[in-house]
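K.L.:
This is protein-v3.txt, which holds compact mmCIF, C-alpha atoms:
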```txt
# COMPACT_ATOMS: atom_id res chain seq x y z
CA MET A 1 -3.72 3.30 -31.75
CA LYS A 2 -2.16 6.75 -31.94
CA TYR A 3 0.70 8.20 -34.01
CA THR A 4 1.90 11.71 -34.69
CA VAL A 5 1.89 12.93 -38.28
CA GLU A 6 5.68 12.99 -38.16
CA GLU A 7 5.76 9.30 -37.18
CA LEU A 8 3.35 8.45 -39.99
CA ALA A 9 5.48 10.36 -42.49
CA GLN A 10 8.46 8.25 -41.49
CA LYS A 11 6.49 5.03 -41.89
CA VAL A 12 5.50 5.85 -45.49
CA GLN A 13 8.84 7.53 -46.29
CA GLY A 14 7.11 10.81 -47.08
CA LYS A 15 8.06 14.46 -46.69
CA LEU A 16 6.26 16.31 -43.89
CA VAL A 17 4.75 19.75 -44.60
CA GLY A 18 3.25 21.47 -41.56
CA ASP A 19 2.79 20.51 -37.92
CA GLY A 20 4.18 17.03 -37.33
CA GLN A 21 2.95 16.78 -33.73
CA VAL A 22 -0.74 16.44 -34.58
CA VAL A 23 -1.96 13.08 -33.20
CA ILE A 24 -3.77 10.75 -35.61
CA GLU A 25 -5.99 7.94 -34.29
CA GLU A 26 -7.67 6.58 -37.43
CA THR A 27 -7.98 6.64 -41.23
CA ARG A 28 -10.94 8.14 -43.08
CA SER A 29 -11.92 9.27 -46.55
CA LEU A 30 -11.58 12.96 -47.34
CA GLU A 31 -15.39 13.36 -47.41
CA GLN A 32 -15.81 11.85 -43.93
CA SER A 33 -12.66 13.26 -42.39
CA ALA A 34 -12.27 14.33 -38.76
CA PRO A 35 -9.55 16.10 -36.71
CA GLN A 36 -8.23 12.79 -35.34
CA ALA A 37 -8.11 11.13 -38.79
CA ILE A 38 -5.75 11.10 -41.76
CA SER A 39 -7.04 11.08 -45.36
CA PHE A 40 -5.50 11.22 -48.82
CA ALA A 41 -6.18 13.31 -51.91
CA ILE A 42 -5.19 12.91 -55.56
CA GLY A 43 -6.25 14.60 -58.79
CA ASP A 44 -9.34 16.80 -58.62
CA TYR A 45 -9.88 15.95 -54.95
CA CYS A 46 -6.86 18.05 -53.98
CA GLU A 47 -8.89 21.24 -54.40
CA TYR A 48 -11.13 20.15 -51.50
CA VAL A 49 -8.31 19.59 -49.01
CA GLY A 50 -8.58 23.16 -47.68
CA GLN A 51 -12.24 22.52 -46.80
CA SER A 52 -11.52 19.21 -45.09
CA LYS A 53 -11.68 18.63 -41.34
CA ALA A 54 -8.90 16.02 -41.51
CA GLY A 55 -6.08 16.10 -39.01
CA ALA A 56 -3.62 15.38 -41.83
CA VAL A 57 -3.65 14.44 -45.50
CA ILE A 58 -1.43 12.42 -47.81
CA VAL A 59 -0.78 14.09 -51.18
CA GLU A 60 1.55 13.71 -54.14
CA ALA A 61 2.56 17.39 -54.28
CA PRO A 62 2.35 20.12 -51.61
CA ILE A 63 -0.88 22.13 -51.68
CA GLU A 64 -0.40 25.84 -51.11
CA GLY A 65 -2.55 27.80 -48.65
CA VAL A 66 -3.64 24.73 -46.64
CA GLU A 67 -3.13 24.62 -42.87
CA ILE A 68 -3.68 20.87 -42.57
CA PRO A 69 -0.39 18.96 -42.15
CA GLN A 70 0.55 17.20 -45.37
CA ILE A 71 2.61 14.09 -46.06
CA VAL A 72 4.00 14.28 -49.60
CA VAL A 73 4.73 10.95 -51.31
CA ASP A 74 5.16 9.63 -54.84
CA ASN A 75 1.99 7.51 -54.72
CA ALA A 76 -0.70 8.63 -52.28
CA LYS A 77 -2.85 5.52 -52.73
CA VAL A 78 0.01 3.18 -51.90
CA ALA A 79 1.03 5.23 -48.86
CA PHE A 80 -2.54 5.39 -47.59
CA SER A 81 -2.91 1.63 -48.00
CA GLN A 82 0.14 1.20 -45.77
CA LEU A 83 -1.56 3.27 -43.10
CA LEU A 84 -4.77 1.28 -43.50
CA GLU A 85 -2.80 -1.84 -42.63
CA LEU A 86 -1.18 -0.03 -39.71
CA TYR A 87 -4.48 1.11 -38.18
CA HIS A 88 -6.44 -1.99 -39.20
CA PRO A 89 -4.11 -4.97 -38.82
CA PRO A 90 -5.40 -8.24 -40.26
CA VAL A 91 -7.15 -10.74 -38.03
CA VAL A 92 -4.75 -13.39 -36.77
CA VAL A 93 -6.00 -16.83 -37.79
CA PRO A 94 -4.99 -19.81 -35.61
CA ARG A 95 -2.59 -22.07 -37.51
CA THR A 96 -4.41 -25.29 -36.72
CA ILE A 97 -6.56 -27.88 -38.47
CA HIS A 98 -10.07 -27.75 -37.07
CA GLU A 99 -11.51 -31.01 -35.81
CA THR A 100 -14.48 -30.79 -38.18
CA ALA A 101 -12.31 -30.53 -41.30
CA ILE A 102 -12.40 -33.53 -43.67
CA ILE A 103 -9.00 -34.52 -45.07
CA GLY A 104 -8.83 -37.12 -47.86
CA LYS A 105 -6.20 -39.72 -48.68
CA ASN A 106 -2.63 -38.91 -49.68
CA VAL A 107 -3.11 -35.20 -48.98
CA THR A 108 0.11 -33.18 -48.56
CA LEU A 109 -0.18 -30.46 -45.91
CA GLY A 110 2.47 -27.75 -45.65
CA LYS A 111 3.83 -26.08 -42.56
CA ASN A 112 2.05 -23.39 -40.57
CA ILE A 113 -1.32 -23.82 -42.29
CA SER A 114 -4.83 -23.05 -41.07
CA VAL A 115 -7.77 -25.26 -42.03
CA GLY A 116 -11.03 -23.84 -40.70
CA PRO A 117 -14.23 -25.55 -39.60
CA TYR A 118 -15.98 -27.82 -42.11
CA CYS A 119 -13.34 -27.49 -44.80
CA VAL A 120 -13.00 -30.39 -47.24
CA ILE A 121 -9.65 -31.33 -48.78
CA ASN A 122 -9.99 -34.21 -51.20
CA ASP A 123 -7.58 -37.01 -52.12
CA ASN A 124 -4.10 -36.20 -53.43
CA ALA A 125 -4.45 -32.46 -52.92
CA VAL A 126 -1.31 -30.48 -52.08
CA ILE A 127 -1.54 -27.55 -49.64
CA GLY A 128 1.58 -25.36 -49.47
CA ASP A 129 3.17 -23.68 -46.47
CA ASN A 130 1.35 -20.82 -44.71
CA VAL A 131 -1.93 -21.42 -46.55
CA VAL A 132 -5.13 -20.28 -44.81
CA LEU A 133 -8.42 -22.00 -45.59
CA HIS A 134 -11.34 -20.25 -43.94
CA PRO A 135 -14.47 -22.22 -42.93
CA TYR A 136 -16.39 -24.23 -45.54
CA VAL A 137 -13.67 -24.12 -48.21
CA TYR A 138 -13.69 -27.02 -50.69
CA ILE A 139 -10.47 -28.27 -52.30
CA GLY A 140 -10.98 -30.87 -55.03
CA HIS A 141 -9.02 -34.00 -55.90
CA ASN A 142 -5.43 -33.44 -57.08
CA ALA A 143 -5.66 -29.67 -56.61
CA LYS A 144 -2.48 -27.77 -55.74
CA ILE A 145 -2.51 -24.68 -53.54
CA GLY A 146 0.67 -22.59 -53.46
CA GLU A 147 2.41 -21.05 -50.48
CA ASP A 148 0.90 -18.10 -48.59
CA THR A 149 -2.43 -18.43 -50.37
CA MET A 150 -5.58 -17.17 -48.62
CA ILE A 151 -8.95 -18.74 -49.44
CA TYR A 152 -12.02 -17.23 -47.83
CA THR A 153 -15.27 -18.79 -46.65
CA GLY A 154 -17.20 -20.94 -49.07
CA ALA A 155 -14.75 -20.73 -51.96
CA VAL A 156 -14.38 -23.79 -54.19
CA VAL A 157 -11.27 -25.06 -55.97
CA HIS A 158 -12.27 -27.97 -58.18
CA GLU A 159 -10.22 -31.03 -59.03
CA ASN A 160 -6.85 -30.69 -60.80
CA CYS A 161 -6.73 -26.90 -60.50
CA ILE A 162 -3.46 -25.19 -59.63
CA LEU A 163 -3.09 -22.02 -57.56
CA GLY A 164 0.27 -20.28 -57.35
CA LYS A 165 1.84 -18.47 -54.42
CA ARG A 166 0.06 -15.66 -52.58
CA VAL A 167 -3.21 -16.19 -54.41
CA VAL A 168 -6.33 -14.72 -52.78
CA LEU A 169 -9.80 -16.17 -53.34
CA ARG A 170 -12.62 -14.17 -51.77
CA ALA A 171 -15.81 -15.72 -50.38
CA LYS A 172 -17.77 -18.01 -52.70
CA ALA A 173 -15.34 -17.76 -55.62
CA VAL A 174 -15.46 -20.88 -57.81
CA ILE A 175 -12.31 -22.00 -59.59
CA GLY A 176 -12.53 -24.80 -62.15
CA GLY A 177 -16.28 -25.23 -62.39
CA GLU A 178 -17.52 -27.13 -65.41
CA GLY A 179 -17.01 -25.19 -68.63
CA PHE A 180 -20.11 -24.37 -70.68
CA GLY A 181 -19.74 -26.73 -73.63
CA PHE A 182 -22.56 -28.35 -75.63
CA ALA A 183 -23.04 -29.95 -79.03
CA THR A 184 -26.43 -29.29 -80.63
CA GLU A 185 -28.03 -31.75 -83.04
CA HIS A 186 -31.66 -31.67 -84.17
CA GLY A 187 -32.34 -29.03 -81.53
CA ILE A 188 -31.03 -31.20 -78.69
CA HIS A 189 -28.09 -29.92 -76.59
CA THR A 190 -25.63 -32.59 -75.49
CA HIS A 191 -23.03 -31.77 -72.86
CA ILE A 192 -19.37 -31.99 -73.90
CA PRO A 193 -17.14 -33.14 -71.02
CA GLN A 194 -14.78 -30.41 -69.86
CA VAL A 195 -11.67 -32.30 -68.78
CA GLY A 196 -9.14 -29.46 -68.39
CA ASN A 197 -8.32 -27.33 -65.37
CA VAL A 198 -7.67 -23.75 -64.23
CA ILE A 199 -4.23 -22.33 -63.41
CA LEU A 200 -3.93 -19.13 -61.38
CA GLU A 201 -0.35 -17.90 -61.27
CA ASP A 202 1.34 -16.12 -58.36
CA ASP A 203 -0.28 -13.04 -56.79
CA VAL A 204 -3.63 -13.43 -58.56
CA GLU A 205 -6.70 -12.25 -56.62
CA VAL A 206 -10.27 -13.35 -57.37
CA GLY A 207 -13.29 -11.55 -55.90
CA SER A 208 -16.39 -12.90 -54.23
CA CYS A 209 -18.80 -14.97 -56.35
CA SER A 210 -16.53 -14.84 -59.40
CA CYS A 211 -16.36 -17.98 -61.53
CA ILE A 212 -13.48 -19.20 -63.67
CA ASP A 213 -14.46 -22.26 -65.72
CA ASN A 214 -12.15 -25.15 -66.36
CA ALA A 215 -10.92 -25.77 -69.88
CA THR A 216 -12.47 -28.21 -72.30
CA MET A 217 -8.92 -29.52 -72.67
CA GLY A 218 -5.72 -27.92 -71.43
CA SER A 219 -5.98 -25.00 -69.01
CA THR A 220 -7.94 -21.83 -68.45
CA MET A 221 -5.14 -19.45 -67.43
CA VAL A 222 -4.86 -16.28 -65.33
CA ARG A 223 -1.28 -15.05 -65.24
CA ARG A 224 0.78 -13.43 -62.53
CA GLY A 225 -0.49 -10.39 -60.68
CA THR A 226 -3.92 -10.09 -62.30
CA LYS A 227 -6.71 -8.81 -60.03
CA ILE A 228 -10.30 -9.92 -60.56
CA ASP A 229 -13.23 -8.17 -58.88
CA ASN A 230 -16.51 -9.64 -57.61
CA LEU A 231 -19.05 -11.20 -59.98
CA VAL A 232 -16.70 -11.79 -62.90
CA HIS A 233 -16.98 -14.79 -65.23
CA LEU A 234 -14.24 -16.30 -67.38
CA GLY A 235 -15.30 -19.01 -69.79
CA HIS A 236 -13.43 -22.20 -70.66
CA ASN A 237 -9.93 -21.91 -72.16
CA VAL A 238 -9.74 -18.15 -71.59
CA GLU A 239 -6.21 -16.83 -71.10
CA ILE A 240 -5.65 -13.57 -69.20
CA GLY A 241 -2.19 -12.00 -69.14
CA GLU A 242 -0.15 -10.46 -66.34
CA ASP A 243 -1.21 -7.51 -64.17
CA CYS A 244 -4.67 -7.10 -65.67
CA PHE A 245 -7.73 -5.61 -63.96
CA LEU A 246 -11.15 -7.24 -64.43
CA ILE A 247 -13.78 -5.14 -62.67
CA ALA A 248 -17.25 -6.15 -61.46
CA GLN A 249 -19.62 -8.02 -63.80
CA VAL A 250 -17.11 -8.49 -66.59
CA GLY A 251 -17.81 -11.54 -68.75
CA ILE A 252 -15.29 -13.06 -71.15
CA ALA A 253 -16.41 -15.88 -73.42
CA GLY A 254 -14.45 -19.04 -74.06
CA SER A 255 -11.05 -19.28 -75.76
CA THR A 256 -10.37 -15.54 -75.75
CA LYS A 257 -6.71 -14.67 -75.25
CA CYS A 258 -5.82 -11.41 -73.52
CA GLY A 259 -2.42 -9.76 -73.20
CA ASN A 260 -0.74 -8.04 -70.27
CA HIS A 261 -1.82 -4.86 -68.46
CA VAL A 262 -5.36 -4.87 -69.84
CA ILE A 263 -8.23 -3.18 -67.96
CA PHE A 264 -11.81 -4.37 -68.35
CA ALA A 265 -14.05 -1.79 -66.63
CA GLY A 266 -17.36 -2.82 -65.07
CA GLN A 267 -19.89 -4.79 -67.12
CA THR A 268 -17.62 -5.11 -70.13
CA GLY A 269 -18.61 -8.11 -72.24
CA CYS A 270 -16.31 -9.98 -74.60
CA THR A 271 -17.08 -12.50 -77.32
CA GLY A 272 -15.10 -15.73 -77.55
CA HIS A 273 -12.22 -16.94 -79.74
CA ILE A 274 -10.57 -13.52 -80.16
CA THR A 275 -7.19 -12.04 -79.24
CA ILE A 276 -6.64 -8.83 -77.26
CA GLY A 277 -3.20 -7.19 -77.19
CA ASP A 278 -1.25 -5.60 -74.34
CA ASN A 279 -1.94 -2.28 -72.61
CA VAL A 280 -5.57 -1.96 -73.66
CA THR A 281 -8.33 -0.27 -71.62
CA PHE A 282 -12.03 -0.92 -72.09
CA ALA A 283 -14.48 1.59 -70.62
CA ALA A 284 -17.52 0.41 -68.65
CA LYS A 285 -20.12 -1.57 -70.61
CA THR A 286 -17.90 -1.96 -73.68
CA GLY A 287 -19.01 -4.74 -76.00
CA ILE A 288 -15.97 -6.43 -77.55
CA ILE A 289 -16.76 -8.37 -80.74
CA GLY A 290 -13.41 -8.75 -82.50
CA ASN A 291 -9.64 -8.82 -82.20
CA ILE A 292 -8.05 -5.80 -80.52
CA PRO A 293 -4.45 -4.68 -81.17
CA SER A 294 -2.13 -3.54 -78.39
CA ASN A 295 -2.14 -0.03 -76.90
CA GLY A 296 -5.51 1.63 -77.04
CA THR A 297 -8.64 2.72 -75.19
CA TYR A 298 -12.08 1.56 -76.34
CA ALA A 299 -15.71 2.16 -75.47
CA GLY A 300 -19.23 1.46 -76.69
CA PHE A 301 -20.97 -1.43 -78.45
CA PRO A 302 -19.54 -2.57 -80.69
CA GLN A 303 -16.22 -1.39 -79.33
CA ARG A 304 -14.53 1.54 -81.04
CA PRO A 305 -11.64 3.85 -80.16
CA HIS A 306 -12.62 6.00 -77.20
CA LYS A 307 -12.26 9.35 -79.02
CA GLU A 308 -14.43 8.10 -81.86
CA TRP A 309 -17.02 6.90 -79.34
CA LEU A 310 -17.07 10.33 -77.67
CA LYS A 311 -17.77 11.97 -81.04
CA MET A 312 -20.58 9.50 -81.71
CA GLN A 313 -22.11 10.27 -78.32
CA ALA A 314 -21.94 13.99 -79.03
CA TYR A 315 -23.67 13.51 -82.40
CA GLU A 316 -26.27 11.20 -80.86
CA SER A 317 -27.45 13.89 -78.45
CA ARG A 318 -28.00 16.22 -81.43
CA LEU A 319 -29.95 13.72 -83.56
CA PRO A 320 -33.45 15.13 -82.81
CA ASP A 321 -32.37 18.64 -83.91
CA MET A 322 -30.54 17.21 -86.93
CA ALA A 323 -33.68 15.27 -87.92
CA LYS A 324 -35.75 18.47 -87.77
CA THR A 325 -33.16 20.29 -89.87
CA ILE A 326 -33.18 17.51 -92.50
CA LYS A 327 -36.99 17.58 -92.72
CA ARG A 328 -36.95 21.37 -93.12
CA LEU A 329 -34.29 21.15 -95.84
CA GLU A 330 -36.26 18.42 -97.62
CA LYS A 331 -39.34 20.67 -97.69
CA GLU A 332 -37.29 23.60 -98.96
CA LEU A 333 -35.69 21.43 -101.63
CA ALA A 334 -39.09 20.10 -102.73
CA ALA A 335 -40.37 23.67 -102.99
CA LEU A 336 -37.39 24.74 -105.10
CA LYS A 337 -37.88 21.76 -107.43
CA GLN A 338 -41.53 22.68 -107.87
CA GLU A 339 -40.61 26.28 -108.72
CA LEU A 340 -38.09 25.08 -111.31
CA ASN A 341 -40.61 22.73 -112.88
CA GLU A 342 -43.22 25.47 -113.14
CA LYS A 343 -40.74 27.65 -115.01
```
The structure given in the file should be rewritten as C-alpha cells.

P.N.:
Amino acid sequence: MKYTVEELAQKVQGKLVGDGQVVIEETRSLEQSAPQAISFAIGDYCEYVGQSKAGAVIVEAPIEGVEIPQIVVDNAKVAFSQLLELYHPPVVVPRTIHETAIIGKNVTLGKNISVGPYCVINDNAVIGDNVVLHPYVYIGHNAKIGEDTMIYTGAVVHENCILGKRVVLRAKAVIGGEGFGFATEHGIHTHIPQVGNVILEDDVEVGSCSCIDNATMGSTMVRRGTKIDNLVHLGHNVEIGEDCFLIAQVGIAGSTKCGNHVIFAGQTGCTGHITIGDNVTFAAKTGIIGNIPSNGTYAGFPQRPHKEWLKMQAYESRLPDMAKTIKRLEKELAALKQELNEK
C-alpha cells in the first residue's frame, strides 16, 4: 500500500510542509523510522526529528531546519492513528454463526453478527446488531450485548450483565465474576451471595485479563467512554465515571465511586467505600486511602498532592546527610552544655 505524503496530508486534513511527492509505504515509530515510513513526533521528541530517517513525520507545529516532509495537524496522535488504520486495516470477520457455537433457549440474535467457533450464548441472552464474538467467548444467562460490540477470544460476560454499544472486551476479560464478599464469625469466612450485575456503558473498552466483579446488590458500573487497560481489577459495586483511564495493574476496592475524567496510572491501588471527584490524576503506584476532591494530581502512599510528594522525595534523598548533620549538632550542643555547667 503506497501513498504520497500529499495524499496522506489530505486524508488527515493536515497542512503539508516540504516535498509532498515522497512515497510512503508503512508506519513506524520515530526511533525505528525508515525512508519509506511515516512517523509522528510530539513534545520533547520533536527535537529528534532532524536526526530521523523517516520519509515523513506528523507534527503539531512546523519544525524549522528539518528537510523531512512534515504534516502539521492539531493532534498528531489522532492523525497517526488514522494512518495506522489506513496501512493496517482490521481483519474482516465472516458474519456467520459457526457450527460449533452453542446457542441457548430464547436467545435474541441481531443482524449481521459473527459468532465464532465454540462460543456459548446462554438462555435469554440478547445480542445486538453487528456484534462480533470471537472464538471461545462465553455469554451468560440474560446478558445483553449492545450493537457494534467486539468481544475477543476467551472473554466472559456473566449472567445478567449489560454491555452498551461499541464496547470492546479484549481476550480473557471477565465481566460480572462473583464479587469478593464474606462474613467472618469465630474466624470462619462465609461467602455472601453476590446477586447484582455489571453495566458497561457505550464505548467502554476493557483490556485482556481484566476483571470487573458483579455487585453484591445493584450494579457495578463503568460509564461511557472509559478505557481500561490489561490486568485491572474493579471490586463489587465500584462506580467509574465517564472518559476515565485505568492503566495496567490498577486495583479499586469495592463500593468506591469515581467521577469523570479520572486517570489511574499503572499499579495504583485504591481502598474501598470512598469517593473520588472529577478531573483527578493519580501517578503510578499511588496508594489511595481516603476521599479525593475534584481537580488535582496525586502521588505516593498514602496519596498526597503531587507537588508535596515531589518535595518529600527530594528531602528523602537527603536524609542520610541530614542525619549526620543532626548527630554532629547534638555533639556540639552537648559540648556547649558541658562547658556552661563547668562555669

K.L.:
In Å, with one decimal, what is the gap from atom CA of A:Thr271 to atom CA of A:Ile292?

P.N.:
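These two atoms are separated by 11.7 Å.
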
K.L.:
Around the point (0.6, -3.7, -69.3) (coordinates from the file), which residues reach within 7 Å if we count all atoms listed in the file? Answer as a ChimeraX atom specification.

P.N.:
/A:243,260-262,278-279

K.L.:
For the point (-14.8, -0.7, -79.6) in file coordinates, what residues are within 9 Å, counting only C-alpha atoms? Give the answer as a CSV table (one decimal) with C-alpha atoms, keeping the file's coordinate frame?

P.N.:
```csv
chain,number,residue,atom,x,y,z
A,282,PHE,CA,-12.0,-0.9,-72.1
A,286,THR,CA,-17.9,-2.0,-73.7
A,287,GLY,CA,-19.0,-4.7,-76.0
A,288,ILE,CA,-16.0,-6.4,-77.6
A,289,ILE,CA,-16.8,-8.4,-80.7
A,290,GLY,CA,-13.4,-8.8,-82.5
A,292,ILE,CA,-8.0,-5.8,-80.5
A,297,THR,CA,-8.6,2.7,-75.2
A,298,TYR,CA,-12.1,1.6,-76.3
A,299,ALA,CA,-15.7,2.2,-75.5
A,300,GLY,CA,-19.2,1.5,-76.7
A,301,PHE,CA,-21.0,-1.4,-78.4
A,302,PRO,CA,-19.5,-2.6,-80.7
A,303,GLN,CA,-16.2,-1.4,-79.3
A,304,ARG,CA,-14.5,1.5,-81.0
A,305,PRO,CA,-11.6,3.8,-80.2
A,306,HIS,CA,-12.6,6.0,-77.2
A,309,TRP,CA,-17.0,6.9,-79.3
```

K.L.:
Compile the contact shell of A:Ile58 as number ranges by chain: residues with an atom at most 8 Å away, counting only C-alpha atoms, same-chain residues fewer than 5 positions apart removed.

P.N.:
A: 38-41, 70-73, 76, 79-80

K.L.:
Would you mind reading off the distance between atom CA of A:Gly235 and atom CA of A:Cys209, one decimal, in Å?

P.N.:
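That distance, rounded to one decimal, is 14.5 Å.
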
K.L.:
For A:Lys172, find every residue with an atom within 7 Å (counting all atoms listed in the file), except residues of its own chain fewer than 2 positions away, and show them as a PDB file with C-alpha atoms, in the coordinates of the input.

P.N.:
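Dumped to out-v8.pdb:
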```
ATOM      1  CA  THR A 153     -15.270 -18.790 -46.650  1.00  0.00           C
ATOM      2  CA  GLY A 154     -17.200 -20.940 -49.070  1.00  0.00           C
ATOM      3  CA  ALA A 155     -14.750 -20.730 -51.960  1.00  0.00           C
ATOM      4  CA  VAL A 156     -14.380 -23.790 -54.190  1.00  0.00           C
ATOM      5  CA  ARG A 170     -12.620 -14.170 -51.770  1.00  0.00           C
ATOM      6  CA  VAL A 174     -15.460 -20.880 -57.810  1.00  0.00           C
ATOM      7  CA  SER A 208     -16.390 -12.900 -54.230  1.00  0.00           C
ATOM      8  CA  CYS A 209     -18.800 -14.970 -56.350  1.00  0.00           C
TER       9      CYS A 209
END
```

K.L.:
Fewer than 2 positions away in the same chain doesn't count, so skip those; otherwise give me all residues within 7 Å of A:Leu109, counting all atoms listed in the file, as a PyMOL selection string.

P.N.:
chain A and resi 107+111+126-128

K.L.:
Write out as a PyMOL selection string each polymer residue whose atoms come within 12 Å of A:Val57, counting all atoms listed in the file; drop sequence neighbours fewer than 4 positions from it.

P.N.:
chain A and resi 5-6+8-9+14-20+22+24+26-31+33-42+45-46+48-53+61-63+66-73+76-77+79-80+83

K.L.:
Which residue is closest to A:Leu163? Choose from A:Leu319, A:Ile276, A:Val206, A:Ala248 and count only C-alpha atoms.

P.N.:
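Selected residue with least distance to A:Leu163: A:Val206.
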
K.L.:
Figure out the distance between atom CA of A:Met150 and atom CA of A:Gly116, please, to one decimal in Å.

P.N.:
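Atom CA of A:Met150 lies 11.7 Å from atom CA of A:Gly116.
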